[in-house]
$ cat data_6.cif   # mmCIF, C-alpha atoms and all ligand atoms
data_entry
loop_
_atom_site.label_atom_id
_atom_site.label_comp_id
_atom_site.auth_asym_id
_atom_site.auth_seq_id
_atom_site.Cartn_x
_atom_site.Cartn_y
_atom_site.Cartn_z
CA MET N 1 -40.35 25.06 -25.08
CA GLN N 2 -37.70 22.36 -24.64
CA HIS N 3 -37.03 20.17 -27.64
CA THR N 4 -33.77 18.59 -26.53
CA VAL N 5 -32.16 17.58 -23.24
CA HIS N 6 -29.81 20.52 -23.65
CA ASP N 7 -32.77 22.92 -23.81
CA PHE N 8 -33.67 21.94 -20.24
CA GLU N 9 -30.20 22.90 -19.12
CA ALA N 10 -30.45 26.30 -20.83
CA ALA N 11 -33.85 26.95 -19.24
CA ALA N 12 -32.65 25.87 -15.79
CA ARG N 13 -29.58 28.11 -16.01
CA ASP N 14 -31.89 31.09 -16.51
CA LYS N 15 -33.77 30.24 -13.33
CA LEU N 16 -31.22 28.98 -10.85
CA ASP N 17 -28.76 30.67 -8.55
CA PRO N 18 -25.39 30.47 -10.40
CA VAL N 19 -23.88 28.78 -7.33
CA HIS N 20 -26.40 25.95 -7.73
CA VAL N 21 -25.78 25.80 -11.47
CA ASP N 22 -22.11 25.25 -10.69
CA PHE N 23 -22.99 22.55 -8.16
CA ILE N 24 -24.95 20.63 -10.80
CA ALA N 25 -22.85 21.23 -13.90
CA GLY N 26 -19.46 21.04 -12.23
CA GLY N 27 -17.07 18.17 -11.79
CA ALA N 28 -13.76 17.42 -10.17
CA ARG N 29 -10.65 19.53 -10.86
CA ASP N 30 -10.32 20.46 -14.56
CA GLU N 31 -13.56 18.67 -15.46
CA ILE N 32 -11.77 16.69 -18.17
CA THR N 33 -13.87 13.59 -17.43
CA VAL N 34 -17.10 15.61 -17.41
CA ARG N 35 -16.41 16.60 -21.01
CA ALA N 36 -15.08 13.16 -21.98
CA ASN N 37 -18.34 11.42 -21.05
CA GLU N 38 -20.44 13.33 -23.56
CA ALA N 39 -17.71 13.50 -26.20
CA ALA N 40 -17.31 9.71 -26.21
CA PHE N 41 -20.86 9.25 -27.49
CA GLY N 42 -20.25 11.75 -30.26
CA ARG N 43 -17.20 9.87 -31.46
CA LEU N 44 -19.04 6.62 -32.12
CA GLN N 45 -21.09 6.14 -35.25
CA LEU N 46 -24.31 4.23 -35.84
CA LEU N 47 -24.59 1.91 -38.84
CA PRO N 48 -28.29 1.15 -39.31
CA ARG N 49 -30.04 -1.83 -40.85
CA VAL N 50 -32.92 -1.24 -43.26
CA LEU N 51 -36.16 -2.97 -44.29
CA ARG N 52 -36.60 -4.98 -41.13
CA GLY N 53 -38.40 -2.73 -38.63
CA SER N 54 -41.83 -2.96 -37.04
CA ALA N 55 -44.72 -0.56 -36.45
CA VAL N 56 -44.35 -0.60 -32.69
CA ARG N 57 -41.12 -0.90 -30.77
CA ASP N 58 -40.70 -2.55 -27.40
CA LEU N 59 -38.77 -0.41 -24.90
CA ASP N 60 -39.55 -2.47 -21.79
CA ILE N 61 -36.79 -3.92 -19.64
CA THR N 62 -36.53 -6.08 -16.56
CA LEU N 63 -33.46 -5.34 -14.53
CA LEU N 64 -32.68 -7.49 -11.48
CA GLY N 65 -36.37 -8.19 -11.08
CA SER N 66 -37.47 -4.57 -11.49
CA ARG N 67 -39.63 -3.92 -14.53
CA ALA N 68 -39.50 -0.61 -16.34
CA ARG N 69 -41.07 0.87 -19.45
CA MET N 70 -37.84 2.42 -20.65
CA PRO N 71 -34.15 1.53 -20.32
CA VAL N 72 -33.26 4.92 -18.88
CA LEU N 73 -32.87 5.12 -15.10
CA LEU N 74 -32.73 8.24 -12.99
CA SER N 75 -29.26 8.04 -11.50
CA PRO N 76 -29.01 9.17 -7.88
CA THR N 77 -28.58 12.91 -7.46
CA ALA N 78 -28.56 14.72 -4.14
CA PHE N 79 -30.57 17.73 -2.99
CA HIS N 80 -33.57 17.97 -5.33
CA LYS N 81 -35.21 20.61 -3.11
CA LEU N 82 -32.30 22.86 -3.90
CA VAL N 83 -33.73 23.34 -7.38
CA TYR N 84 -37.48 22.80 -6.88
CA PRO N 85 -39.60 23.12 -3.72
CA GLU N 86 -41.21 19.64 -3.87
CA GLY N 87 -37.82 18.09 -4.54
CA GLU N 88 -37.70 14.32 -4.94
CA LEU N 89 -41.50 14.03 -4.67
CA ALA N 90 -41.83 15.81 -8.01
CA THR N 91 -39.05 13.71 -9.53
CA VAL N 92 -40.48 10.36 -8.48
CA ARG N 93 -43.98 11.21 -9.72
CA ALA N 94 -42.50 11.99 -13.11
CA ALA N 95 -40.42 8.79 -13.08
CA ALA N 96 -43.51 6.79 -12.16
CA ALA N 97 -45.52 8.36 -14.99
CA ALA N 98 -42.79 7.38 -17.44
CA GLY N 99 -42.38 3.91 -15.95
CA ALA N 100 -38.71 4.63 -15.27
CA ILE N 101 -36.68 3.35 -12.35
CA MET N 102 -35.58 6.14 -10.01
CA ILE N 103 -32.57 5.64 -7.77
CA ALA N 104 -33.14 7.82 -4.72
CA SER N 105 -29.94 9.35 -3.38
CA MET N 106 -28.99 8.73 0.22
CA ALA N 107 -28.54 12.52 0.28
CA SER N 108 -32.10 13.21 -0.82
CA THR N 109 -33.98 16.14 0.69
CA VAL N 110 -37.12 14.01 1.09
CA ALA N 111 -36.95 10.79 3.13
CA VAL N 112 -36.91 7.62 1.04
CA GLY N 113 -40.15 6.41 2.68
CA GLU N 114 -41.97 9.54 1.54
CA ILE N 115 -40.51 9.27 -1.95
CA ALA N 116 -41.80 5.69 -2.13
CA ASP N 117 -45.24 6.73 -0.86
CA ALA N 118 -45.47 9.40 -3.57
CA ALA N 119 -44.55 6.82 -6.21
CA ARG N 120 -47.17 4.36 -4.93
CA ALA N 121 -49.85 7.05 -4.89
CA THR N 122 -49.52 7.31 -8.68
CA ASP N 123 -50.63 3.69 -9.19
CA SER N 124 -47.66 3.12 -11.45
CA ASP N 125 -45.69 -0.07 -10.96
CA ALA N 126 -42.42 1.84 -11.41
CA GLN N 127 -39.73 0.70 -9.02
CA LEU N 128 -37.67 2.77 -6.63
CA TRP N 129 -34.04 1.89 -5.85
CA PHE N 130 -31.89 3.36 -3.10
CA GLN N 131 -28.31 4.62 -3.34
CA LEU N 132 -26.13 4.04 -0.34
CA TYR N 133 -22.77 5.29 0.83
CA ILE N 134 -21.66 2.56 3.24
CA GLN N 135 -20.92 4.30 6.52
CA PRO N 136 -17.97 3.12 8.63
CA ASP N 137 -20.48 2.90 11.48
CA LEU N 138 -22.21 -0.28 10.38
CA GLU N 139 -25.16 0.20 12.69
CA ILE N 140 -25.94 3.43 10.91
CA THR N 141 -25.54 1.71 7.56
CA GLU N 142 -27.85 -1.08 8.62
CA ALA N 143 -30.45 1.43 9.79
CA LEU N 144 -30.28 3.16 6.39
CA VAL N 145 -30.70 -0.15 4.58
CA ARG N 146 -33.70 -0.89 6.78
CA ARG N 147 -35.24 2.45 5.84
CA ALA N 148 -34.84 1.61 2.17
CA VAL N 149 -36.26 -1.90 2.61
CA ASP N 150 -39.20 -0.62 4.67
CA ALA N 151 -39.90 1.94 1.95
CA GLY N 152 -40.23 -0.90 -0.56
CA CYS N 153 -37.09 -0.20 -2.57
CA THR N 154 -36.26 -3.13 -4.84
CA ALA N 155 -32.48 -2.73 -5.16
CA LEU N 156 -29.54 -1.06 -3.48
CA VAL N 157 -26.94 0.90 -5.40
CA VAL N 158 -23.76 1.17 -3.37
CA THR N 159 -21.52 4.02 -4.48
CA VAL N 160 -17.90 2.93 -4.13
CA ASP N 161 -16.04 5.71 -5.91
CA SER N 162 -16.11 8.16 -3.03
CA PRO N 163 -13.44 7.30 -0.43
CA VAL N 164 -13.16 11.09 -0.15
CA LEU N 165 -15.40 13.82 -1.45
CA GLY N 166 -14.60 14.79 -5.04
CA ALA N 167 -12.75 18.05 -5.53
CA GLY N 168 -15.42 20.30 -6.96
CA GLU N 169 -13.41 23.45 -7.32
CA ARG N 170 -16.40 25.47 -8.46
CA ASN N 171 -18.10 24.69 -5.14
CA ARG N 172 -14.97 25.65 -3.24
CA ARG N 173 -14.69 28.92 -5.08
CA ASN N 174 -18.38 29.61 -4.47
CA GLY N 175 -18.21 28.59 -0.82
CA PHE N 176 -20.98 26.04 -1.44
CA HIS N 177 -20.56 23.37 1.23
CA ASP N 178 -23.97 23.05 2.82
CA LEU N 179 -27.64 22.90 2.14
CA PRO N 180 -29.36 26.23 2.81
CA PRO N 181 -31.33 26.59 6.06
CA GLY N 182 -34.56 24.61 6.04
CA LEU N 183 -33.26 21.79 3.83
CA ARG N 184 -31.88 18.55 5.25
CA CYS N 185 -30.69 15.14 4.19
CA GLU N 186 -33.87 13.56 5.49
CA ASN N 187 -32.64 9.95 5.37
CA LEU N 188 -30.09 10.78 8.04
CA VAL N 189 -32.44 12.39 10.52
CA ASP N 190 -32.72 10.49 13.82
CA LEU N 191 -30.55 7.58 12.75
CA ARG N 192 -28.77 8.21 16.00
CA ASP N 193 -29.84 10.46 18.86
CA GLY N 194 -29.74 14.09 17.93
CA GLU N 195 -28.82 13.65 14.26
CA ARG N 196 -30.37 16.42 12.27
CA GLY N 197 -29.81 15.48 8.67
CA HIS N 198 -26.72 17.56 8.17
CA VAL N 199 -24.93 16.73 4.95
CA ARG N 200 -21.63 16.51 6.85
CA GLN N 201 -23.04 13.45 8.63
CA ILE N 202 -22.45 11.46 5.43
CA ALA N 203 -19.05 9.92 5.99
CA MET N 204 -16.89 9.36 2.94
CA SER N 205 -14.49 6.72 4.15
CA PRO N 206 -11.22 5.63 2.51
CA GLU N 207 -11.22 2.61 4.83
CA LEU N 208 -14.04 0.75 3.16
CA ASN N 209 -13.07 -2.55 1.53
CA TRP N 210 -14.56 -5.68 -0.02
CA GLU N 211 -15.39 -7.08 3.41
CA HIS N 212 -17.95 -4.31 3.74
CA ILE N 213 -19.63 -5.58 0.58
CA ASP N 214 -19.61 -9.12 2.01
CA TRP N 215 -21.13 -7.73 5.20
CA LEU N 216 -23.84 -5.88 3.26
CA ARG N 217 -24.70 -9.08 1.38
CA GLY N 218 -25.45 -10.64 4.73
CA VAL N 219 -27.62 -7.75 5.88
CA THR N 220 -30.05 -7.57 2.96
CA GLU N 221 -31.72 -9.80 0.43
CA LEU N 222 -32.10 -6.94 -2.02
CA PRO N 223 -30.06 -7.02 -5.21
CA VAL N 224 -26.90 -4.96 -4.75
CA LEU N 225 -25.31 -2.99 -7.58
CA LEU N 226 -21.93 -1.33 -7.18
CA LYS N 227 -21.70 2.17 -8.63
CA GLY N 228 -18.31 3.50 -9.60
CA VAL N 229 -16.26 0.39 -10.38
CA LEU N 230 -14.00 1.39 -13.28
CA HIS N 231 -11.08 -1.08 -13.26
CA PRO N 232 -11.81 -4.44 -14.93
CA GLU N 233 -10.07 -6.23 -12.05
CA ASP N 234 -12.54 -4.60 -9.63
CA ALA N 235 -15.39 -5.68 -11.89
CA ARG N 236 -14.17 -9.28 -11.52
CA LEU N 237 -13.90 -8.81 -7.76
CA ALA N 238 -17.41 -7.39 -7.66
CA VAL N 239 -18.74 -10.58 -9.25
CA ARG N 240 -16.74 -12.69 -6.82
CA HIS N 241 -18.13 -10.74 -3.86
CA GLY N 242 -21.69 -11.32 -4.96
CA ALA N 243 -22.61 -8.01 -6.60
CA ASP N 244 -25.79 -8.46 -8.63
CA GLY N 245 -24.96 -5.70 -11.08
CA LEU N 246 -22.69 -2.75 -11.78
CA LEU N 247 -23.60 0.84 -12.44
CA LEU N 248 -20.62 1.75 -14.61
CA SER N 249 -20.17 5.38 -13.62
CA ASN N 250 -17.47 7.92 -13.01
CA HIS N 251 -19.92 9.95 -10.93
CA GLY N 252 -20.44 12.27 -13.89
CA GLY N 253 -16.78 13.31 -13.63
CA ARG N 254 -17.29 14.53 -10.08
CA GLN N 255 -14.87 12.24 -8.25
CA LEU N 256 -11.46 11.46 -9.83
CA ASP N 257 -10.76 13.72 -12.78
CA THR N 258 -9.11 12.32 -15.94
CA VAL N 259 -10.62 8.84 -15.63
CA PRO N 260 -11.93 7.55 -18.98
CA ALA N 261 -15.41 8.18 -20.28
CA THR N 262 -17.70 5.41 -19.07
CA LEU N 263 -18.63 4.51 -22.66
CA GLU N 264 -14.96 3.87 -23.43
CA LEU N 265 -14.72 1.47 -20.50
CA LEU N 266 -17.88 -0.44 -21.32
CA PRO N 267 -16.29 -3.14 -23.55
CA GLU N 268 -13.58 -3.91 -20.98
CA ILE N 269 -16.04 -4.08 -18.10
CA LEU N 270 -18.40 -6.30 -20.11
CA ALA N 271 -15.51 -8.61 -20.92
CA ALA N 272 -14.52 -8.74 -17.26
CA VAL N 273 -17.96 -9.75 -15.98
CA ALA N 274 -18.53 -12.05 -18.99
CA GLY N 275 -22.32 -11.88 -18.89
CA ARG N 276 -22.59 -12.92 -15.26
CA ILE N 277 -24.17 -9.65 -14.10
CA PRO N 278 -25.87 -6.74 -15.92
CA ILE N 279 -24.09 -3.45 -16.51
CA VAL N 280 -25.92 -0.12 -16.37
CA LEU N 281 -23.95 2.86 -17.66
CA ASP N 282 -24.24 6.54 -16.76
CA GLY N 283 -22.31 9.68 -17.68
CA GLY N 284 -22.99 11.96 -20.62
CA VAL N 285 -26.21 10.32 -21.87
CA ARG N 286 -28.11 13.16 -23.53
CA ARG N 287 -29.72 11.70 -26.68
CA GLY N 288 -31.68 8.70 -27.84
CA THR N 289 -28.69 7.84 -30.01
CA ASP N 290 -26.53 7.71 -26.86
CA VAL N 291 -28.91 5.20 -25.28
CA VAL N 292 -28.85 3.07 -28.43
CA LYS N 293 -25.04 3.10 -28.60
CA ALA N 294 -24.65 2.01 -24.97
CA LEU N 295 -27.26 -0.74 -25.29
CA ALA N 296 -25.94 -1.95 -28.65
CA LEU N 297 -22.50 -2.32 -27.10
CA GLY N 298 -23.96 -4.45 -24.30
CA ALA N 299 -25.21 -2.23 -21.47
CA SER N 300 -28.55 -3.38 -20.04
CA ALA N 301 -29.71 0.18 -19.41
CA VAL N 302 -28.37 3.69 -18.91
CA GLY N 303 -28.74 6.35 -16.23
CA ILE N 304 -29.05 10.13 -16.40
CA GLY N 305 -27.96 12.54 -13.68
CA ARG N 306 -27.69 16.22 -14.61
CA PRO N 307 -30.55 16.21 -17.14
CA VAL N 308 -32.97 15.32 -14.34
CA MET N 309 -31.74 18.19 -12.19
CA TRP N 310 -32.08 20.65 -15.08
CA ALA N 311 -35.57 19.45 -15.96
CA LEU N 312 -36.66 19.54 -12.32
CA ALA N 313 -35.37 23.09 -11.98
CA GLN N 314 -37.04 24.11 -15.21
CA GLY N 315 -40.48 22.67 -14.63
CA GLY N 316 -40.77 20.43 -11.57
CA GLU N 317 -42.72 17.19 -12.06
CA GLU N 318 -43.96 18.34 -15.46
CA GLY N 319 -40.40 19.19 -16.54
CA VAL N 320 -39.00 15.78 -15.60
CA ARG N 321 -41.98 14.07 -17.23
CA ARG N 322 -41.34 15.91 -20.47
CA LEU N 323 -37.61 15.16 -20.27
CA LEU N 324 -38.31 11.44 -19.98
CA GLU N 325 -40.89 11.56 -22.78
CA LEU N 326 -38.38 13.35 -24.96
CA LEU N 327 -35.73 10.72 -24.35
CA ARG N 328 -38.24 7.96 -24.90
CA ASP N 329 -39.33 9.50 -28.21
CA GLU N 330 -35.73 9.97 -29.34
CA LEU N 331 -34.92 6.40 -28.38
CA ASP N 332 -37.96 5.04 -30.21
CA ASP N 333 -37.13 7.12 -33.27
CA THR N 334 -33.51 5.93 -33.26
CA LEU N 335 -34.60 2.30 -32.98
CA ALA N 336 -36.89 2.76 -35.98
CA LEU N 337 -34.09 4.36 -37.98
CA CYS N 338 -31.77 1.48 -37.04
CA GLY N 339 -34.29 -1.11 -38.23
CA ALA N 340 -34.84 -2.41 -34.71
CA SER N 341 -38.19 -3.74 -33.44
CA GLY N 342 -37.06 -3.42 -29.88
CA LEU N 343 -34.09 -3.24 -27.57
CA ALA N 344 -33.27 -6.89 -28.21
CA ASP N 345 -32.34 -6.02 -31.80
CA LEU N 346 -29.54 -3.72 -30.68
CA THR N 347 -26.29 -5.50 -31.46
CA PRO N 348 -22.67 -4.31 -31.49
CA ASP N 349 -22.48 -4.31 -35.30
CA LEU N 350 -24.74 -1.21 -35.30
CA VAL N 351 -21.95 0.82 -33.69
CA ARG N 352 -18.66 1.78 -35.29
CA VAL N 353 -15.53 3.66 -34.40
CA PRO N 354 -14.69 5.93 -37.33
CA ALA N 355 -12.07 4.34 -39.52
CA TRP N 356 -10.53 7.68 -40.43
CA ALA N 357 -9.35 10.56 -38.29
CA PRO N 358 -11.96 13.31 -38.31
CA VAL N 359 -10.69 16.70 -39.46
C1 LIG Q 1 -24.60 13.26 -8.59
N1 LIG Q 1 -24.19 11.93 -8.50
C2 LIG Q 1 -24.41 11.22 -7.35
N2 LIG Q 1 -24.05 9.90 -7.25
C3 LIG Q 1 -24.29 9.20 -6.13
O1 LIG Q 1 -23.96 8.01 -6.09
N3 LIG Q 1 -24.88 9.78 -5.04
C4 LIG Q 1 -25.27 11.10 -5.05
O2 LIG Q 1 -25.81 11.60 -4.07
C5 LIG Q 1 -25.00 11.86 -6.23
N4 LIG Q 1 -25.33 13.18 -6.28
C6 LIG Q 1 -25.16 13.89 -7.45
C7 LIG Q 1 -25.57 15.21 -7.51
C8 LIG Q 1 -25.47 15.91 -8.71
C9 LIG Q 1 -25.96 17.33 -8.77
C10 LIG Q 1 -24.92 15.29 -9.86
C11 LIG Q 1 -24.83 16.01 -11.17
C12 LIG Q 1 -24.49 13.97 -9.77
C13 LIG Q 1 -23.69 11.22 -9.72
C14 LIG Q 1 -24.84 10.67 -10.55
O3 LIG Q 1 -25.46 9.59 -9.91
C15 LIG Q 1 -24.40 10.16 -11.92
O4 LIG Q 1 -23.39 9.21 -11.77
C16 LIG Q 1 -23.93 11.24 -12.89
O5 LIG Q 1 -24.62 12.44 -12.71
C17 LIG Q 1 -24.11 10.74 -14.32
O6 LIG Q 1 -23.59 11.63 -15.23
P1 LIG Q 1 -24.48 12.73 -16.02
O7 LIG Q 1 -25.74 12.08 -16.54
O8 LIG Q 1 -24.75 13.82 -15.03
O9 LIG Q 1 -23.56 13.15 -17.11
#

$ encode --input "data_6.cif" --output "structure tokens"
Amino acid sequence: MQHTVHDFEAAARDKLDPVHVDFIAGGARDEITVRANEAAFGRLQLLPRVLRGSAVRDLDITLLGSRARMPVLLSPTAFHKLVYPEGELATVRAAAAAGAIMIASMASTVAVGEIADAARATDSDAQLWFQLYIQPDLEITEALVRRAVDAGCTALVVTVDSPVLGAGERNRRNGFHDLPPGLRCENLVDLRDGERGHVRQIAMSPELNWEHIDWLRGVTELPVLLKGVLHPEDARLAVRHGADGLLLSNHGGRQLDTVPATLELLPEILAAVAGRIPIVLDGGVRRGTDVVKALALGASAVGIGRPVMWALAQGGEEGVRRLLELLRDELDDTLALCGASGLADLTPDLVRVPAWAPV
């Protein structure tokens, strides 16, 4: 039985092909940033208030018009069928049951329309967002956006940290470059004549620039979040170019190695956007205390990537449902212990950097 997020990883490792374990767990180069993300949460301390709690705590959020029953989003991760036969259908049913926002990856192994249908069939009002890599061929990009809009997605998350594919050296060593036969990136099928959903169809382009964001703003009415802005100057530019939000992310340490932990960057990014747009943070969130720290410092919500893949591998829909329940319970418990009646009570004074050097 899994009692922590890490237990799901241990269970999944027992089940999965080691090549696929490496694909999920791995990061770029020396994986320094992968480790930094989790470590950053461990370095911060919580300083709780007492004698001011309430019997029931409110975990609801509204983010860019999308309502959710917990402030934990499912960050976009590719290839869910690699770890579980139903793939993203299982994931979205679990997200819907938990009332959590799922961000479907452009590289999903189920088409976004089918993912949305599966969510709707649950009668939950949970929202689905779509992650997009802007393609240099703008017609293709527009067709992808249309697929997401037609599916009923309520926001677009544009990943901007991937001008080239991250150097996952584990994947190189393992020769893992492609989906196995029978699995496809379904969102890419038939975008143009003869396209078969091959992962290599996803162009990572170093030629993208802010004009592409301006162009996208003109193509869709959906809220647009940028995922992977790390420099405060880029955060200011994002606001200027009409981004509705940022997903502060270093791609789980899978793109440029040795960039800072996202948690470390949060104060600078918040200062740069100065309250004009919400910031969601992902990278290394594994505990209810991590969620509380990020929200207390000013994030509007957090995202989880690898934990979802591990839970899906371990137990499919049921696994992801239990993962989300676990995080919800930990979050609720942490709020109670911090003397908070809800997320609105989370303020920066609850978080401290240790004043002494740990031994
Ligand atoms: C990802 N991530 C990702 N990001 C994205 O924008 N598009 C994608 O298709 C993927 N695919 C993907 C696959 C796998 C297996 C992983 C682990 C990650 C990055 C993801 O959205 C997120 O930023 C990180 O995973 C967050 O860090 P944690 O929670 O994994 O530490």

$ closest_atom_pairs --input "data_6.cif" --of "chain N" --to "ligand LIG 1 (chain Q)" --cutoff "7 Å" --atoms "only C-alpha atoms and all ligand atoms" --output "Markdown table"
| residue | atom | partner | partner_atom | distance |
| --- | --- | --- | --- | --- |
| N:Phe23 | CA | Q:LIG1 | C9 | 6.0 |
| N:Ile24 | CA | Q:LIG1 | C9 | 4.0 |
| N:Ala25 | CA | Q:LIG1 | C11 | 6.2 |
| N:Val34 | CA | Q:LIG1 | O9 | 6.9 |
| N:Asn37 | CA | Q:LIG1 | O9 | 6.8 |
| N:Ser75 | CA | Q:LIG1 | O3 | 4.4 |
| N:Pro76 | CA | Q:LIG1 | O3 | 4.1 |
| N:Thr77 | CA | Q:LIG1 | N4 | 3.5 |
| N:Ala78 | CA | Q:LIG1 | O2 | 4.2 |
| N:Ser105 | CA | Q:LIG1 | O2 | 4.8 |
| N:Met106 | CA | Q:LIG1 | O2 | 6.1 |
| N:Ala107 | CA | Q:LIG1 | O2 | 5.2 |
| N:Gln131 | CA | Q:LIG1 | O1 | 6.2 |
| N:Thr159 | CA | Q:LIG1 | O1 | 4.9 |
| N:Lys227 | CA | Q:LIG1 | O1 | 6.8 |
| N:Ser249 | CA | Q:LIG1 | O4 | 5.3 |
| N:Asn250 | CA | Q:LIG1 | O4 | 6.2 |
| N:His251 | CA | Q:LIG1 | O4 | 3.6 |
| N:Gly252 | CA | Q:LIG1 | O6 | 3.5 |
| N:Asp282 | CA | Q:LIG1 | C17 | 4.9 |
| N:Gly283 | CA | Q:LIG1 | O6 | 3.4 |
| N:Gly284 | CA | Q:LIG1 | O9 | 3.7 |
| N:Val285 | CA | Q:LIG1 | O7 | 5.6 |
| N:Gly303 | CA | Q:LIG1 | O7 | 6.5 |
| N:Ile304 | CA | Q:LIG1 | O7 | 3.8 |
| N:Gly305 | CA | Q:LIG1 | O5 | 3.5 |
| N:Arg306 | CA | Q:LIG1 | O8 | 3.8 |
| N:Pro307 | CA | Q:LIG1 | O7 | 6.4 |
| N:Met309 | CA | Q:LIG1 | C9 | 6.8 |

$ residues_around --input "data_6.cif" --residues "N:Pro232" --least-positions-apart "4" --cutoff "12 Å" --atoms "all atoms listed in the file" --output "list in words"
Gly228, Arg236, Leu237, Ala238, Val239, Leu246, Leu248, Leu265, Leu266, Pro267, Glu268, Ile269, Leu270, Ala271, Ala272, Val273 and Ala274 of chain N

$ closest_residue --input "data_6.cif" --among "N:Arg286, N:Arg240, N:Arg184, N:Arg328" --to "N:His80" --atoms "all atoms listed in the file"
N:Arg184

$ closest_residue --input "data_6.cif" --among "N:Thr154, N:Gln314, N:Thr334, N:Thr33" --to "N:Ala12" --atoms "only C-alpha atoms"
N:Gln314

$ closest_residue --input "data_6.cif" --among "N:Trp215, N:Phe8, N:Phe41, N:Phe79" --to "N:His241" --atoms "all atoms listed in the file"
N:Trp215

$ atom_distance --input "data_6.cif" --atom1 "atom CA of N:Arg287" --atom2 "atom CA of N:Gly315"
19.5 Å

$ closest_residue --input "data_6.cif" --among "N:Asp22, N:Asp214, N:Glu114, N:Asp150" --to "N:Glu169" --atoms "all atoms listed in the file"
N:Asp22

$ atom_distance --input "data_6.cif" --atom1 "atom CA of N:Leu222" --atom2 "atom CA of N:Ala155"
5.3 Å

$ closest_residue --input "data_6.cif" --among "N:Val50, N:Val320, N:Leu295, N:Leu191" --to "N:Ala96" --atoms "all atoms listed in the file"
N:Val320

$ closest_atom_pairs --input "data_6.cif" --of "stretch 169-279 of chain N" --to "stretch 51-74 of chain N" --cutoff "10 Å" --atoms "all atoms listed in the file" --output "CSV"
residue,atom,partner,partner_atom,distance
N:Leu222,CA,N:Leu64,CA,9.5
N:Pro223,CA,N:Leu64,CA,6.8
N:Val224,CA,N:Leu64,CA,9.2
N:Leu225,CA,N:Leu64,CA,9.5
N:Asp244,CA,N:Leu64,CA,7.5
N:Gly245,CA,N:Leu64,CA,7.9
N:Ile277,CA,N:Leu64,CA,9.2
N:Pro278,CA,N:Leu63,CA,7.8
N:Ile279,CA,N:Leu63,CA,9.8

$ closest_residue --input "data_6.cif" --among "N:Gly342, N:Pro354, N:Pro260, N:Gly288" --to "N:Arg35" --atoms "all atoms listed in the file"
N:Pro260

$ atom_distance --input "data_6.cif" --atom1 "atom CA of N:Gln135" --atom2 "atom CA of N:Ala148"
14.8 Å

$ residues_around --input "data_6.cif" --residues "N:Gln255" --least-positions-apart "3" --cutoff "9 Å" --atoms "all atoms listed in the file" --output "list in words"
Gly27, Ala28, Arg29, Asp161, Ser162, Val164, Leu165, Gly166, Ala167, Gly168, Asn250, His251 and Gly252 of chain N

$ residues_around --input "data_6.cif" --residues "N:Ile140" --least-positions-apart "3" --cutoff "12 Å" --atoms "all atoms listed in the file" --output "ChimeraX atom specification"
/N:132-137,143-147,187-193,195,201-203

$ decode --input "data_6.cif" --residues "stretch 232-243 of chain N" --atoms "N, CA and C atoms" --output "tab-separated table (two decimals), in the first residue's frame"
chain	number	residue	atom	x	y	z
N	232	PRO	N	13.58	36.74	-14.60
N	232	PRO	CA	12.58	37.77	-14.25
N	232	PRO	C	12.30	38.73	-15.41
N	233	GLU	N	13.31	39.02	-16.22
N	233	GLU	CA	13.08	39.91	-17.36
N	233	GLU	C	12.09	39.28	-18.34
N	234	ASP	N	12.18	37.98	-18.53
N	234	ASP	CA	11.22	37.28	-19.40
N	234	ASP	C	9.82	37.26	-18.78
N	235	ALA	N	9.78	37.21	-17.44
N	235	ALA	CA	8.47	37.26	-16.79
N	235	ALA	C	7.80	38.60	-17.08
N	236	ARG	N	8.61	39.69	-17.04
N	236	ARG	CA	8.06	41.02	-17.36
N	236	ARG	C	7.61	41.07	-18.82
N	237	LEU	N	8.42	40.48	-19.70
N	237	LEU	CA	8.05	40.45	-21.12
N	237	LEU	C	6.76	39.65	-21.33
N	238	ALA	N	6.63	38.58	-20.59
N	238	ALA	CA	5.43	37.74	-20.72
N	238	ALA	C	4.19	38.56	-20.41
N	239	VAL	N	4.26	39.35	-19.34
N	239	VAL	CA	3.12	40.22	-19.00
N	239	VAL	C	2.86	41.19	-20.13
N	240	ARG	N	3.93	41.79	-20.63
N	240	ARG	CA	3.78	42.79	-21.69
N	240	ARG	C	3.17	42.18	-22.96
N	241	HIS	N	3.48	40.91	-23.21
N	241	HIS	CA	2.96	40.26	-24.42
N	241	HIS	C	1.63	39.55	-24.17
N	242	GLY	N	1.01	39.86	-23.05
N	242	GLY	CA	-0.37	39.42	-22.85
N	242	GLY	C	-0.54	38.03	-22.28
N	243	ALA	N	0.53	37.45	-21.72
N	243	ALA	CA	0.34	36.14	-21.07
N	243	ALA	C	-0.62	36.31	-19.90
